[in-house]
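Worksheet for the structure shown next.
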Amino acid sequence: MNVKAYLEITMKIGEANRPAAAKVYADYRQPFLDTIEGALTKNLLLRDEDVQVLHGFDSAEHAQAYLSSAMFQNDVFVGLKPLWSADPEVRIYTVAS
């Protein structure tokens, strides 16, 4: 199946907190791919100024639904929130055909 939409979450996370953020990513990557409807890819992107998690989905609707899922609300969000130095930016993109 081809990626038709991306959910991009950009977070300001200081250097000292990045290992903890990477652990949250690693802990939930495979469960995300195995259990979230429409999930196709998940990648951790690092820059000096921020950390991004780029999620690939089969539709923008599934990308939006993930933000309300129990996994995101109860596990991922809870694990990452103490690591942020600012509120994250959340964007959903649709792949042009």
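Chain labels follow the order of the structure tokens: the first chain is A, the next B, and so on; residue numbering restarts at 1 in every chain, and ligands are counted from 1 in their shown order.
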*Any idea what's packed within 8 Å of Lys42 of chain A, counting only C-alpha atoms, ignoring anything in its chain fewer than 2 positions away? Could you give it as a PyMOL selection string?*
chain A and resi 29+33+40+44+53-56
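Taking only C-alpha atoms, the non-local environment of Ala60 of chain A within 7 Å (same-chain residues fewer than 5 positions away omitted) comprises Ala5, Ile92 and Thr94 of chain A.
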Compile the contact shell of Ala86 of chain A as a CSV table (one decimal) with N, CA, C and O atoms, in the first residue's frame: residues with an atom at most 12 Å away, counting only C-alpha atoms, same-chain residues fewer than 4 positions apart removed.
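Writing done, so here's out-v3.csv:
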```csv
chain,number,residue,atom,x,y,z
A,10,THR,N,6.5,17.8,15.2
A,10,THR,CA,7.8,18.4,15.4
A,10,THR,C,7.8,18.9,16.9
A,10,THR,O,6.9,19.6,17.4
A,11,MET,N,8.9,18.5,17.6
A,11,MET,CA,9.0,18.7,19.0
A,11,MET,C,10.4,19.4,19.3
A,11,MET,O,11.4,19.0,18.8
A,12,LYS,N,10.3,20.4,20.2
A,12,LYS,CA,11.5,21.0,20.7
A,12,LYS,C,11.9,20.1,22.0
A,12,LYS,O,11.2,20.1,23.0
A,13,ILE,N,13.0,19.4,21.8
A,13,ILE,CA,13.5,18.5,22.9
A,13,ILE,C,15.0,18.7,23.0
A,13,ILE,O,15.7,18.6,22.1
A,14,GLY,N,15.4,19.1,24.2
A,14,GLY,CA,16.8,19.4,24.5
A,14,GLY,C,17.6,18.1,24.4
A,14,GLY,O,17.2,17.0,24.5
A,49,GLU,N,17.9,21.7,16.0
A,49,GLU,CA,16.9,22.6,16.6
A,49,GLU,C,15.6,21.8,17.1
A,49,GLU,O,14.8,22.3,17.9
A,50,ASP,N,15.4,20.6,16.5
A,50,ASP,CA,14.2,19.9,16.9
A,50,ASP,C,14.2,18.4,16.6
A,50,ASP,O,15.2,17.9,16.0
A,51,VAL,N,13.2,17.7,16.9
A,51,VAL,CA,13.0,16.3,16.7
A,51,VAL,C,11.7,16.1,16.0
A,51,VAL,O,10.7,16.8,16.4
A,80,LEU,N,6.1,11.6,26.1
A,80,LEU,CA,6.9,12.7,25.5
A,80,LEU,C,6.7,14.0,26.1
A,80,LEU,O,7.6,14.8,26.1
A,81,LYS,N,5.5,14.3,26.6
A,81,LYS,CA,5.1,15.6,27.1
A,81,LYS,C,6.2,16.2,28.1
A,81,LYS,O,6.6,17.3,28.0
A,82,PRO,N,6.7,15.4,29.1
A,82,PRO,CA,7.7,16.0,30.0
A,82,PRO,C,9.0,16.3,29.4
A,82,PRO,O,9.8,17.1,30.0
```
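For Tyr93 of chain A, the list of residues within 10 Å, based on only C-alpha atoms and with local chain neighbours fewer than 3 positions off taken out, reads Lys4, Ala5, Tyr6, Leu7, Glu8, Gly56, Ser59, Ala60, Ala63 and Ala96 of chain A.
The space separating atom CA of Ala22 of chain A from atom CA of Val76 of chain A comes to 11.3 Å.
Minimum atom-to-atom distance to Ala20 of chain A, evaluated using only C-alpha atoms, belongs to A:Gly79 out of A:Leu46, A:Gly79, A:Glu89, A:Ala39.
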*asked:* Just checking: using only C-alpha atoms, which residue out of A:Ala65, A:Leu83, A:Met71, A:Val95 ends up closest to Ala21 of chain A?
replied: A:Leu83
May I have all residues of segment 14-73 of chain A that DSSP, computed from the backbone, assigns to helix (DSSP H, G or I), given as a PDB file with N, CA and C atoms, in the first residue's frame?
```
ATOM      1  N   GLU A  15      18.913  18.365  24.162  1.00  0.00           N
ATOM      2  CA  GLU A  15      19.884  17.285  23.970  1.00  0.00           C
ATOM      3  C   GLU A  15      19.829  16.259  25.107  1.00  0.00           C
ATOM      4  N   ALA A  16      19.707  16.723  26.329  1.00  0.00           N
ATOM      5  CA  ALA A  16      19.702  15.817  27.484  1.00  0.00           C
ATOM      6  C   ALA A  16      18.485  14.890  27.475  1.00  0.00           C
ATOM      7  N   ASN A  17      17.370  15.330  26.882  1.00  0.00           N
ATOM      8  CA  ASN A  17      16.141  14.539  26.871  1.00  0.00           C
ATOM      9  C   ASN A  17      15.966  13.691  25.614  1.00  0.00           C
ATOM     10  N   ARG A  18      16.859  13.828  24.661  1.00  0.00           N
ATOM     11  CA  ARG A  18      16.689  13.089  23.396  1.00  0.00           C
ATOM     12  C   ARG A  18      16.772  11.574  23.549  1.00  0.00           C
ATOM     13  N   PRO A  19      17.653  11.031  24.399  1.00  0.00           N
ATOM     14  CA  PRO A  19      17.642   9.567  24.563  1.00  0.00           C
ATOM     15  C   PRO A  19      16.288   9.053  25.077  1.00  0.00           C
ATOM     16  N   ALA A  20      15.670   9.778  25.987  1.00  0.00           N
ATOM     17  CA  ALA A  20      14.354   9.373  26.498  1.00  0.00           C
ATOM     18  C   ALA A  20      13.302   9.457  25.394  1.00  0.00           C
ATOM     19  N   ALA A  21      13.377  10.491  24.551  1.00  0.00           N
ATOM     20  CA  ALA A  21      12.441  10.622  23.430  1.00  0.00           C
ATOM     21  C   ALA A  21      12.643   9.486  22.431  1.00  0.00           C
ATOM     22  N   ALA A  22      13.891   9.134  22.168  1.00  0.00           N
ATOM     23  CA  ALA A  22      14.181   8.033  21.249  1.00  0.00           C
ATOM     24  C   ALA A  22      13.643   6.714  21.796  1.00  0.00           C
ATOM     25  N   LYS A  23      13.673   6.547  23.104  1.00  0.00           N
ATOM     26  CA  LYS A  23      13.128   5.328  23.716  1.00  0.00           C
ATOM     27  C   LYS A  23      11.620   5.254  23.508  1.00  0.00           C
ATOM     28  N   VAL A  24      10.915   6.360  23.697  1.00  0.00           N
ATOM     29  CA  VAL A  24       9.468   6.373  23.459  1.00  0.00           C
ATOM     30  C   VAL A  24       9.193   5.994  22.002  1.00  0.00           C
ATOM     31  N   TYR A  25       9.943   6.578  21.085  1.00  0.00           N
ATOM     32  CA  TYR A  25       9.802   6.247  19.666  1.00  0.00           C
ATOM     33  C   TYR A  25      10.001   4.750  19.439  1.00  0.00           C
ATOM     34  N   ALA A  26      11.099   4.213  19.951  1.00  0.00           N
ATOM     35  CA  ALA A  26      11.422   2.805  19.738  1.00  0.00           C
ATOM     36  C   ALA A  26      10.388   1.883  20.377  1.00  0.00           C
ATOM     37  N   ASP A  27       9.937   2.234  21.570  1.00  0.00           N
ATOM     38  CA  ASP A  27       8.960   1.393  22.275  1.00  0.00           C
ATOM     39  C   ASP A  27       7.636   1.277  21.520  1.00  0.00           C
ATOM     40  N   TYR A  28       7.222   2.341  20.845  1.00  0.00           N
ATOM     41  CA  TYR A  28       5.894   2.353  20.222  1.00  0.00           C
ATOM     42  C   TYR A  28       5.906   2.251  18.707  1.00  0.00           C
ATOM     43  N   ARG A  29       7.078   2.188  18.083  1.00  0.00           N
ATOM     44  CA  ARG A  29       7.132   2.119  16.626  1.00  0.00           C
ATOM     45  C   ARG A  29       6.418   0.880  16.093  1.00  0.00           C
ATOM     46  N   GLN A  30       6.822  -0.291  16.544  1.00  0.00           N
ATOM     47  CA  GLN A  30       6.218  -1.514  16.007  1.00  0.00           C
ATOM     48  C   GLN A  30       4.750  -1.665  16.408  1.00  0.00           C
ATOM     49  N   PRO A  31       4.374  -1.397  17.666  1.00  0.00           N
ATOM     50  CA  PRO A  31       2.943  -1.452  17.987  1.00  0.00           C
ATOM     51  C   PRO A  31       2.106  -0.483  17.136  1.00  0.00           C
ATOM     52  N   PHE A  32       2.660   0.686  16.834  1.00  0.00           N
ATOM     53  CA  PHE A  32       1.988   1.640  15.947  1.00  0.00           C
ATOM     54  C   PHE A  32       1.747   0.996  14.587  1.00  0.00           C
ATOM     55  N   LEU A  33       2.799   0.428  14.006  1.00  0.00           N
ATOM     56  CA  LEU A  33       2.686  -0.175  12.674  1.00  0.00           C
ATOM     57  C   LEU A  33       1.767  -1.388  12.676  1.00  0.00           C
ATOM     58  N   ASP A  34       1.742  -2.137  13.779  1.00  0.00           N
ATOM     59  CA  ASP A  34       0.944  -3.362  13.855  1.00  0.00           C
ATOM     60  C   ASP A  34      -0.526  -3.128  14.175  1.00  0.00           C
ATOM     61  N   THR A  35      -0.841  -2.046  14.908  1.00  0.00           N
ATOM     62  CA  THR A  35      -2.207  -1.934  15.427  1.00  0.00           C
ATOM     63  C   THR A  35      -2.988  -0.702  15.004  1.00  0.00           C
ATOM     64  N   ALA A  60      -5.532  10.608   4.999  1.00  0.00           N
ATOM     65  CA  ALA A  60      -5.484  11.709   5.968  1.00  0.00           C
ATOM     66  C   ALA A  60      -6.444  11.439   7.128  1.00  0.00           C
ATOM     67  N   GLU A  61      -7.534  10.752   6.852  1.00  0.00           N
ATOM     68  CA  GLU A  61      -8.500  10.427   7.908  1.00  0.00           C
ATOM     69  C   GLU A  61      -7.877   9.510   8.960  1.00  0.00           C
ATOM     70  N   HIS A  62      -7.099   8.530   8.520  1.00  0.00           N
ATOM     71  CA  HIS A  62      -6.430   7.647   9.477  1.00  0.00           C
ATOM     72  C   HIS A  62      -5.341   8.399  10.249  1.00  0.00           C
ATOM     73  N   ALA A  63      -4.661   9.320   9.604  1.00  0.00           N
ATOM     74  CA  ALA A  63      -3.659  10.139  10.294  1.00  0.00           C
ATOM     75  C   ALA A  63      -4.323  10.954  11.402  1.00  0.00           C
ATOM     76  N   GLN A  64      -5.448  11.570  11.088  1.00  0.00           N
ATOM     77  CA  GLN A  64      -6.185  12.365  12.076  1.00  0.00           C
ATOM     78  C   GLN A  64      -6.700  11.483  13.208  1.00  0.00           C
ATOM     79  N   ALA A  65      -7.204  10.314  12.864  1.00  0.00           N
ATOM     80  CA  ALA A  65      -7.750   9.410  13.876  1.00  0.00           C
ATOM     81  C   ALA A  65      -6.674   8.953  14.864  1.00  0.00           C
ATOM     82  N   TYR A  66      -5.445   8.778  14.411  1.00  0.00           N
ATOM     83  CA  TYR A  66      -4.359   8.355  15.300  1.00  0.00           C
ATOM     84  C   TYR A  66      -4.182   9.332  16.460  1.00  0.00           C
ATOM     85  N   ALA A  70      -6.058   5.640  21.651  1.00  0.00           N
ATOM     86  CA  ALA A  70      -5.591   5.358  23.011  1.00  0.00           C
ATOM     87  C   ALA A  70      -4.068   5.302  23.065  1.00  0.00           C
ATOM     88  N   MET A  71      -3.435   4.723  22.046  1.00  0.00           N
ATOM     89  CA  MET A  71      -1.978   4.630  22.043  1.00  0.00           C
ATOM     90  C   MET A  71      -1.349   6.022  22.077  1.00  0.00           C
ATOM     91  N   PHE A  72      -1.850   6.915  21.241  1.00  0.00           N
ATOM     92  CA  PHE A  72      -1.269   8.256  21.212  1.00  0.00           C
ATOM     93  C   PHE A  72      -1.580   9.017  22.499  1.00  0.00           C
ATOM     94  N   GLN A  73      -2.837   9.027  22.903  1.00  0.00           N
ATOM     95  CA  GLN A  73      -3.257   9.819  24.059  1.00  0.00           C
ATOM     96  C   GLN A  73      -2.702   9.296  25.388  1.00  0.00           C
TER      97      GLN A  73
END
```
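Of the residues in chain A, those that DSSP places in strand (DSSP E) on the basis of the backbone are Ala5, Tyr6, Leu7, Glu8, Ile9, Thr10, Met11, Ala39, Leu40, Thr41, Lys42, Asn43, Leu44, Leu45, Leu46, Val51, Gln52, Val53, Leu54, His55, Gly56, Phe57, Glu89, Val90, Arg91, Ile92, Tyr93 and Thr94 of chain A.
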_Interatomic distance, atom CA of Asn43 of chain A to atom CA of Ile9 of chain A (Å, one decimal)_ = 10.7 Å
